[in-house]
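Chemist: This is the structure, below, for whatever I ask next.
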Amino acid sequence: MAIEFDAPKPVVNAQFVLKTVAEEMMRPNSRYFDEHEHEIPWDYIEFMHSAMKAMGGNSLAPREPSPSSPPPKDERHRDDGGKRPPIGYQLIVAQMEALSWGDVGLYHCLPGGGLGAAAVHAAGSPEQREKFLARFHGDKPTFAAMCITEAGAGSDNSAIRTRAVLDEKANEWVINGEKIFVTGGDKSFTEYEKLGRGFIVVWASIDPAAGRAGMRAFVVEGGTPGVRAVKLEHKMGIRVSDTAAISLVDARVPFENILGSPIVDQNPTGFKKAMATFDATRPLVAATGVGVARAAFEFLKERLAEREIHIRYGLPRQKLTSIERDVIDMEIMLKSAWLMVIKAVWMADNKKPNALEASMSKVRSGDICTKITQRVVEMLGPLGYSREFLAEKWMRDAKITDIYEGTGQINRLVVARQILGYSGAELR
Amino acid sequence: MYSFDPTEEQQMLIEAVNKYATNDLRPAARNAEESGELPRKIIAKGWDLGLLQASIPEMYGGFGERSAVTGALAVEEMAFGDLAGALAVTTPSLFATPILLMGSEEQKREYLPRIVEGEWSPYTAALIEYAFDFDPNDLKTTAALEDGRYSLNGEKAFVPFAKEAQALLVYANLDGQTQAFIVAKEAEGLSISEEREKLMGVNALPLYRVKLTNVKIPAANRLGGESGCAFEQLLASMQIANAAAAVGVANAAFEYSRDYAKEREAFGVKIAQKQAIAFMLAEMRTEIEAMRLLMWEAAWELDTGREDAVKDAYLASTGAADMAMMVTDRAVQILGGHGYIRDHPVEMWMRNGRGFATFTGLAIV
Ligand SMILES: Cc1cc2nc3c(=O)[nH]c(=O)nc-3n(C[C@H](O)[C@H](O)[C@H](O)COP(=O)(O)OP(=O)(O)OC[C@H]3O[C@@H](n4cnc5c(N)ncnc54)[C@H](O)[C@@H]3O)c2cc1C
Ligand SMILES: Cc1cc2nc3c(=O)[nH]c(=O)nc-3n(C[C@H](O)[C@H](O)[C@H](O)COP(=O)(O)OP(=O)(O)OC[C@H]3O[C@@H](n4cnc5c(N)ncnc54)[C@H](O)[C@@H]3O)c2cc1C
């Protein structure tokens with residue numbers, strides 16, 4: 001190997017379509033759905049679903065090769081017969097960055113498995129993957145969501161109170177609890193006619209005395225009795241993305257819907273697997289932050305160009321105007337943050353342990369996308385603050401990057417533990 | 001394809017340079033800084049690693065091919081040991097690499113074998129000028145063609161080893177363009193300051209002021225001959241080296257303060273167990289990674305002939321200079337009062353750290 005920065009061909013090839021979708025399907029809808037919170041963008045969802053199907057069913061749900069439909073030959077091998085290095089995550093981040101440049105809220109409304117499917121993929125058995133993930137390639141747009149957070153358990157998600165008890169007679173788990181802040185929770189759980197049946201992945205304890213070791217995730221099918229989306233949050237940004245509270249009262253799910261072992265031992269593999277999901281998804285969230293930041297950055301540069309302000313790259317700092325300095329600093333932040341995302345997912349694709357790089361990319365992206373969007377609004381003055389343009393919306397949208405999938409602080413903790421060789425107990 | 005693994009050869013080189021940086025440069029650094037002298041034996045040993053030699057083809061006396069990525073990896077590793085030492089060891093590159101990249105055939109034949117076949121000898125270059133708004137693309141030192149010879153006028157600052165240099169590559173403004181000129185040490189009108197520059201840091205590196213008063217040189221001594229050189233490529237190469245060195249120094253400061261924080265106790269725990277310290281370390285590591293990747297990308301773009309290289313090298317150098325300041329400052333902070341005391345190297349690294357805003361021109365990949 002060698003150090004190289006050529007984007008893989010499929011990533012390059014995808015850019016045109018992604019940009020077109022972002023420009024034609026997302027940007028024109030951005031403002032409307034920002035101002036009509038909780039309206040579901042059906043046209044967009046249906047368009048995206050059929051577009052993705054036409055592109056080969058390329059949902060975000062990792063596709064399982066099944067004996068009945070092996071992947072086409074050219075997907076496995078290059079013409080020269082050599083093995084093609086895997087680029088699955090690289091493709092995903094390229095897509096996420098490009099679509100978040102369009103609208104990160106609408107990005108969350110992209111049909112597919114999202115974090116729910118990612119959890120099944122990371123912690124499920126091959127049979128479970130086959131069973132739960134096939135639906136995302138069906139005729140109707142279909143969603144899945146991940147439910148960890150509770151009112152009393154956010155960053156410290158080992159504090160969750162949701163309980164799952166095995167009813168041995170019925171061979172079913174009985175789940176009780178209340179989850180909040182579930183992205184796509186409504187579309188994944190509520191049975192809409194236009195949607196395929198989705199599911200939510202609910203984290204619950206099967207043995208509270210065992211702490212983390214007792215935590216498991218359960219696939220709860222859409223429409224399961226006893227489960228309700230009780231509330232949709234009103235948010236600062238990403239308003240088109242539904243954020244649901246979900247209550248589970250004596251909800252019954254089949255025994256085989258547990259992800260991981262039903263037996264509690266002291267080795268908390270279930271929890272570790274959940275955390276492994278985050279190693280995979282943190283750079284993805286980081287990619288969305290980079291996309292939003294790039295949107296704001298490019299918008300700023302366009303407005304400056306209209307006024308004949310061109311950035312004089314190459315000048316010593318002392319000779320630059322304040323605007324030029326800011327723009328150059330933003331470009332440094334943006335480019336380097338993106339490279340960190342790329343490196344983190346390149347490692348994931350190549351099966352290299354990437355907990356450090358994944359969290360660093362998230363830390364960096366959370367920092368820079370908030371800074372850049374806030375600076376852009378400032379620099380544009382009234383144009384920045386006005387709702388006539390999208391800069392102010394991007395600033396509101398960007399902030400979530402530093403909060404979900406581990407806050408900036410939690411990701412700093414992960415980074416610090418990695419570089420110091422500390423356990424959670426040594427550095428909390 | 002993206003890839004972040006150095007080649008096997010590069011990996012071996014990194015390890016060799018790391019060994020030298022750790023076992024030779026680092027232990028000598030404090031004394032060298034205080035006394036202003038890095039022992040020649042140590043410079044010679046660094047030279048024997050063959051970094052420059054490996055970047056020059058056989059026909060000119062070397063044994064390899066130049067790669068900005070490889071150069072950047074080596075510079076980072078060496079600066080991790082000691083910045084002044086790294087700059088001293090690589091000083092001949094300031095002269096040789098531009099000739100390799102942009103020189104005429106005659107220039108390559110005349111100078112490259114001489115430089116790389118022997119022991120370390122101070123060939124150097126003069127880019128920086130003593131002005132707060134110094135701009136490598138708008139030099140005050142001028143070159144003018146008169147009667148088939150170039151006449152050079154102006155003053156250069158921060159010129160490494162100028163006193164004993166066999167020859168200097170002087171950058172000057174020729175009709176609004178920065179071009180480079182080979183000036184022999186005996187050239188008339190060339191005067192080198194008696195005193196060395198007195199700076200906040202890198203005191204082990206002998207730097208001089210160089211005055212040029214109607215220095216006449218043959219037209220053939222313009223780098224690249226009649227057609228001259230593409231300076232922006234050379235500048236990019238210097239900016240990448242500057243960024244690489246900044247990453248190296250920052251990484252030294254990061255690792256040192258991290259290790260210290262794991263040992264030092266306050267209030268009954270290791271200070272690294274306090275988030276105020278741990279978060280600083282996490283941010284330092286993150287920023288280092290960010291700038292290393294930006295610098296690698298610029299180097300790779302230079303190697304593969306991408307247009308973006310020029311801009312990205314500038315961004316990498318600018319960003320890495322800020323990063324190095326931030327990281328080295330925090331390293332001192334993490335050591336508390338002890339960081340301020342010269343028994344520890346972090347205060348030296350902090351003084352070095354500020355330099356990267358000014359050092360472009362002192363190294364090249
Ligand atoms: C729009 C949106 C979508 C979301 N989507 C999902 C989803 O799909 N599924 C899901 O399960 N959750 C989701 N979440 C929840 C999200 O992951 C949590 O909000 C997040 O983990 C933070 O938890 P909290 O809000 O309870 O904050 P808290 O944990 O209460 O944190 C408050 C503050 O304390 C800091 N803090 C906490 N612990 C530490 C520590 N040890 N050291 C230093 N600082 C600390 C935090 O960084 C933060 O600044 C979503 C949230 C939002 C807002
Ligand atoms: C030039 C100089 C003059 C001085 N003059 C005097 C003097 O006249 N008289 C005198 O008595 N002393 C003097 N001092 C000592 C000075 O007050 C101490 O150096 C200072 O209190 C810090 O202590 P320390 O160096 O042991 O650092 P440490 O206490 O070891 O701190 C190391 C790092 O850990 C951090 N840290 C420590 N505890 C915590 C915590 N609980 N949470 C988060 N972070 C923490 C610190 O902020 C620092 O970044 C002087 C020091 C210097 C350098």
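Residues in the structure tokens are numbered from 1 in each chain, the chains being A, B, ... in the order shown, and ligands are numbered from 1 in the order shown.
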What are the residues of chain B lining chain A at 8 Å or less? Count only C-alpha atoms, and put the answer as a PDB file with C-alpha atoms, in the first residue's frame.
Modeler:
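Once everything was written out, this is selection_18.pdb:
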```
ATOM      1  CA  MET B   1      -8.269   4.579  -4.007  1.00  0.00           C
ATOM      2  CA  TYR B   2      -7.776   6.065  -0.602  1.00  0.00           C
ATOM      3  CA  SER B   3      -5.031   4.529   1.445  1.00  0.00           C
ATOM      4  CA  PHE B   4      -3.326   5.672   4.604  1.00  0.00           C
ATOM      5  CA  ASP B   5      -0.611   3.057   4.950  1.00  0.00           C
ATOM      6  CA  PRO B   6       2.924   4.073   4.104  1.00  0.00           C
ATOM      7  CA  THR B   7       4.696   1.622   1.802  1.00  0.00           C
ATOM      8  CA  GLU B   8       6.937  -1.003   3.332  1.00  0.00           C
ATOM      9  CA  VAL B  69       5.214  12.007   0.685  1.00  0.00           C
ATOM     10  CA  PHE B 132       6.903  41.628   9.056  1.00  0.00           C
ATOM     11  CA  ASP B 133       5.015  41.326   5.790  1.00  0.00           C
ATOM     12  CA  PHE B 134       7.542  39.046   4.140  1.00  0.00           C
ATOM     13  CA  ASP B 135       5.885  37.325   1.206  1.00  0.00           C
ATOM     14  CA  ASN B 137       5.833  35.634  -3.854  1.00  0.00           C
ATOM     15  CA  ARG B 258       0.523  12.679  27.802  1.00  0.00           C
ATOM     16  CA  LYS B 262      -0.172   9.700  33.435  1.00  0.00           C
ATOM     17  CA  ALA B 272      -4.659  12.612  33.192  1.00  0.00           C
ATOM     18  CA  GLN B 273      -7.730  11.322  34.989  1.00  0.00           C
ATOM     19  CA  LYS B 274      -9.074  14.855  35.171  1.00  0.00           C
ATOM     20  CA  GLN B 275     -11.133  15.773  32.153  1.00  0.00           C
ATOM     21  CA  ALA B 278      -7.666  14.478  29.287  1.00  0.00           C
ATOM     22  CA  PHE B 279      -9.796  16.633  26.983  1.00  0.00           C
ATOM     23  CA  LEU B 281      -4.901  15.746  25.217  1.00  0.00           C
ATOM     24  CA  ALA B 282      -7.781  14.406  23.133  1.00  0.00           C
ATOM     25  CA  GLU B 283      -8.002  17.687  21.239  1.00  0.00           C
ATOM     26  CA  THR B 286      -7.232  15.183  17.047  1.00  0.00           C
ATOM     27  CA  GLU B 287      -5.682  18.371  15.701  1.00  0.00           C
ATOM     28  CA  GLU B 289      -4.219  13.961  13.044  1.00  0.00           C
ATOM     29  CA  ALA B 290      -6.168  16.584  11.109  1.00  0.00           C
ATOM     30  CA  MET B 291      -3.104  18.502  10.036  1.00  0.00           C
ATOM     31  CA  LEU B 293      -3.742  14.248   6.867  1.00  0.00           C
ATOM     32  CA  LEU B 294      -3.964  17.661   5.244  1.00  0.00           C
ATOM     33  CA  TRP B 296      -0.102  14.167   3.468  1.00  0.00           C
ATOM     34  CA  GLU B 297      -2.739  15.023   0.947  1.00  0.00           C
ATOM     35  CA  TRP B 300       0.510  13.309  -2.488  1.00  0.00           C
ATOM     36  CA  LYS B 311      -3.122  25.735  -2.621  1.00  0.00           C
ATOM     37  CA  TYR B 314      -0.397  26.562   1.688  1.00  0.00           C
ATOM     38  CA  LEU B 315      -3.425  25.446   3.671  1.00  0.00           C
ATOM     39  CA  ALA B 316      -1.466  22.629   5.297  1.00  0.00           C
ATOM     40  CA  GLY B 319      -3.105  25.108   9.532  1.00  0.00           C
TER      41      GLY B 319
END
```
Chemist: What residues have any atom no more than 6 Å from ligand 1 when counting only C-alpha atoms and all ligand atoms, and can you list them as a compact mmCIF listing (two decimals) with C-alpha atoms, in the first residue's frame?
Modeler:
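This is the output file out12.txt:
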```txt
# COMPACT_ATOMS: atom_id res chain seq x y z
CA MET A 146 -32.53 2.91 17.17
CA CYS A 147 -33.88 3.50 20.68
CA ILE A 148 -31.31 3.81 23.43
CA THR A 149 -31.85 7.19 24.99
CA ALA A 153 -30.18 8.00 30.42
CA GLY A 154 -28.50 9.98 27.66
CA SER A 155 -24.76 10.05 27.53
CA ASP A 156 -24.70 7.50 30.30
CA PHE A 181 -35.32 11.25 20.98
CA VAL A 182 -35.75 8.41 18.52
CA THR A 183 -34.72 9.59 15.07
CA THR A 243 -37.70 12.75 16.75
CA ILE A 403 -24.88 16.15 20.34
CA TYR A 404 -26.13 12.85 18.97
CA GLU A 405 -24.08 9.69 18.49
CA GLY A 406 -22.09 10.71 21.52
CA THR A 407 -21.75 14.37 22.47
CA GLY A 408 -18.51 16.16 21.81
CA GLN A 409 -17.57 15.51 25.41
CA ILE A 410 -18.34 11.81 25.26
CA ARG A 428 -15.19 8.98 33.55
```
Chemist: Can you tell me which residues sit at most 10 Å away from ligand 2, counting only C-alpha atoms and all ligand atoms, written as a ChimeraX atom specification?
Modeler: /B:257,260-261,263-278,280,330-341
Chemist: Got a sec to tell me which of range 154-230 of chain A DSSP assigns to alpha helix (DSSP H), as an MDAnalysis selection string?
Modeler: chainID A and resid 185:189
Chemist: Residues at most 6 Å from range 107-121 of chain A, counting only C-alpha atoms, excluding those fewer than 3 positions away in the same chain, as a PyMOL selection string?
Modeler: chain A and resi 59-61+99-100+104+124+136+141-146+201+241
Chemist: Please provide the set of residues having any atom within 7 Å of range 165-171 of chain B, restricted to only C-alpha atoms, with same-chain residues fewer than 2 positions apart removed, written as a CSV table (one decimal) with all heavy atoms, in the first residue's frame.
Modeler:
```csv
chain,number,residue,atom,x,y,z
B,95,PHE,N,19.3,23.3,-1.1
B,95,PHE,CA,20.0,23.7,-2.3
B,95,PHE,C,19.8,22.6,-3.3
B,95,PHE,O,19.5,22.9,-4.5
B,95,PHE,CB,21.5,23.8,-1.9
B,95,PHE,CG,22.3,24.3,-3.1
B,95,PHE,CD1,22.6,25.6,-3.3
B,95,PHE,CD2,22.9,23.3,-4.0
B,95,PHE,CE1,23.4,26.1,-4.3
B,95,PHE,CE2,23.7,23.8,-5.0
B,95,PHE,CZ,24.0,25.1,-5.2
B,122,PRO,N,27.6,22.0,4.0
B,122,PRO,CA,26.5,23.0,4.0
B,122,PRO,C,26.3,23.8,2.7
B,122,PRO,O,26.9,24.8,2.5
B,122,PRO,CB,27.0,24.0,5.1
B,122,PRO,CG,28.4,23.8,5.2
B,122,PRO,CD,28.8,22.5,4.8
B,123,TYR,N,25.5,23.2,1.9
B,123,TYR,CA,24.9,23.9,0.8
B,123,TYR,C,23.6,24.4,1.3
B,123,TYR,O,22.9,23.7,2.1
B,123,TYR,CB,24.7,23.0,-0.4
B,123,TYR,CG,26.0,22.7,-1.2
B,123,TYR,CD1,26.8,21.7,-0.7
B,123,TYR,CD2,26.3,23.4,-2.3
B,123,TYR,CE1,28.0,21.4,-1.4
B,123,TYR,CE2,27.5,23.2,-3.0
B,123,TYR,CZ,28.3,22.1,-2.5
B,123,TYR,OH,29.5,21.9,-3.2
B,124,THR,N,23.2,25.7,1.0
B,124,THR,CA,22.0,26.2,1.7
B,124,THR,C,21.1,27.0,0.7
B,124,THR,O,21.4,27.1,-0.5
B,124,THR,CB,22.4,27.0,2.9
B,124,THR,OG1,21.3,27.3,3.7
B,124,THR,CG2,23.2,28.3,2.5
B,125,ALA,N,20.1,27.7,1.3
B,125,ALA,CA,19.3,28.5,0.4
B,125,ALA,C,18.8,29.7,1.3
B,125,ALA,O,18.7,29.6,2.5
B,125,ALA,CB,18.0,27.7,-0.1
B,126,ALA,N,18.5,30.8,0.6
B,126,ALA,CA,18.1,32.0,1.2
B,126,ALA,C,16.8,32.5,0.6
B,126,ALA,O,16.7,33.0,-0.5
B,126,ALA,CB,19.2,33.1,1.0
B,127,LEU,N,15.7,32.3,1.4
B,127,LEU,CA,14.4,32.8,0.9
B,127,LEU,C,13.8,33.9,1.8
B,127,LEU,O,13.4,34.9,1.3
B,127,LEU,CB,13.4,31.6,1.0
B,127,LEU,CG,11.9,31.9,0.6
B,127,LEU,CD1,11.8,32.3,-0.8
B,127,LEU,CD2,11.0,30.8,0.9
B,161,PHE,N,23.4,28.0,8.0
B,161,PHE,CA,24.8,27.7,7.7
B,161,PHE,C,25.4,28.5,6.7
B,161,PHE,O,26.4,28.1,6.0
B,161,PHE,CB,24.9,26.2,7.3
B,161,PHE,CG,24.7,25.2,8.4
B,161,PHE,CD1,23.4,24.6,8.6
B,161,PHE,CD2,25.7,24.9,9.4
B,161,PHE,CE1,23.2,23.7,9.6
B,161,PHE,CE2,25.4,24.0,10.4
B,161,PHE,CZ,24.2,23.4,10.5
B,162,ALA,N,24.9,29.8,6.5
B,162,ALA,CA,25.4,30.6,5.4
B,162,ALA,C,26.9,30.8,5.5
B,162,ALA,O,27.6,30.8,4.5
B,162,ALA,CB,24.7,31.9,5.4
B,163,LYS,N,27.4,30.9,6.7
B,163,LYS,CA,28.8,31.3,7.0
B,163,LYS,C,29.7,30.3,6.3
B,163,LYS,O,30.8,30.7,5.7
B,163,LYS,CB,29.0,31.2,8.5
B,163,LYS,CG,30.3,31.9,8.9
B,163,LYS,CD,30.0,33.3,9.4
B,163,LYS,CE,31.2,34.2,9.3
B,163,LYS,NZ,30.8,35.6,9.0
B,178,THR,N,9.2,35.3,-8.5
B,178,THR,CA,10.3,34.8,-7.6
B,178,THR,C,11.0,33.7,-8.4
B,178,THR,O,10.4,32.7,-8.9
B,178,THR,CB,9.7,34.2,-6.3
B,178,THR,OG1,9.1,35.2,-5.6
B,178,THR,CG2,10.8,33.6,-5.5
B,179,GLN,N,12.3,33.9,-8.5
B,179,GLN,CA,13.2,32.9,-9.2
B,179,GLN,C,14.4,32.7,-8.3
B,179,GLN,O,14.6,33.4,-7.3
B,179,GLN,CB,13.7,33.5,-10.5
B,179,GLN,CG,12.6,33.6,-11.6
B,179,GLN,CD,12.1,32.2,-12.0
B,179,GLN,OE1,12.9,31.5,-12.6
B,179,GLN,NE2,10.9,31.8,-11.7
B,180,ALA,N,15.1,31.6,-8.6
B,180,ALA,CA,16.2,31.2,-7.7
B,180,ALA,C,17.6,31.3,-8.5
B,180,ALA,O,17.6,31.0,-9.7
B,180,ALA,CB,16.0,29.8,-7.2
B,181,PHE,N,18.6,31.7,-7.8
B,181,PHE,CA,19.9,31.9,-8.4
B,181,PHE,C,21.0,31.2,-7.6
B,181,PHE,O,21.0,31.4,-6.3
B,181,PHE,CB,20.2,33.4,-8.5
B,181,PHE,CG,19.1,34.1,-9.3
B,181,PHE,CD1,17.9,34.5,-8.7
B,181,PHE,CD2,19.2,34.2,-10.7
B,181,PHE,CE1,16.9,35.2,-9.4
B,181,PHE,CE2,18.2,34.8,-11.4
B,181,PHE,CZ,17.0,35.3,-10.8
B,182,ILE,N,21.9,30.5,-8.2
B,182,ILE,CA,23.0,29.9,-7.5
B,182,ILE,C,24.1,30.9,-7.4
B,182,ILE,O,24.6,31.4,-8.3
B,182,ILE,CB,23.5,28.7,-8.4
B,182,ILE,CG1,22.3,27.7,-8.5
B,182,ILE,CG2,24.7,28.0,-7.7
B,182,ILE,CD1,22.6,26.6,-9.6
B,183,VAL,N,24.5,31.1,-6.1
B,183,VAL,CA,25.5,32.1,-5.8
B,183,VAL,C,26.6,31.3,-5.1
B,183,VAL,O,26.4,30.7,-4.0
B,183,VAL,CB,25.0,33.2,-4.9
B,183,VAL,CG1,26.1,34.2,-4.6
B,183,VAL,CG2,23.8,33.9,-5.6
B,184,ALA,N,27.8,31.4,-5.6
B,184,ALA,CA,29.0,30.8,-5.0
B,184,ALA,C,29.4,31.6,-3.8
B,184,ALA,O,29.2,32.8,-3.7
B,184,ALA,CB,30.1,30.6,-6.0
B,185,LYS,N,30.1,30.9,-2.8
B,185,LYS,CA,30.4,31.6,-1.6
B,185,LYS,C,31.4,32.8,-1.8
B,185,LYS,O,31.4,33.7,-1.1
B,185,LYS,CB,31.0,30.6,-0.6
B,185,LYS,CG,32.3,30.1,-0.9
B,185,LYS,CD,32.9,29.3,0.4
B,185,LYS,CE,34.2,28.6,0.0
B,185,LYS,NZ,34.6,27.7,1.0
```
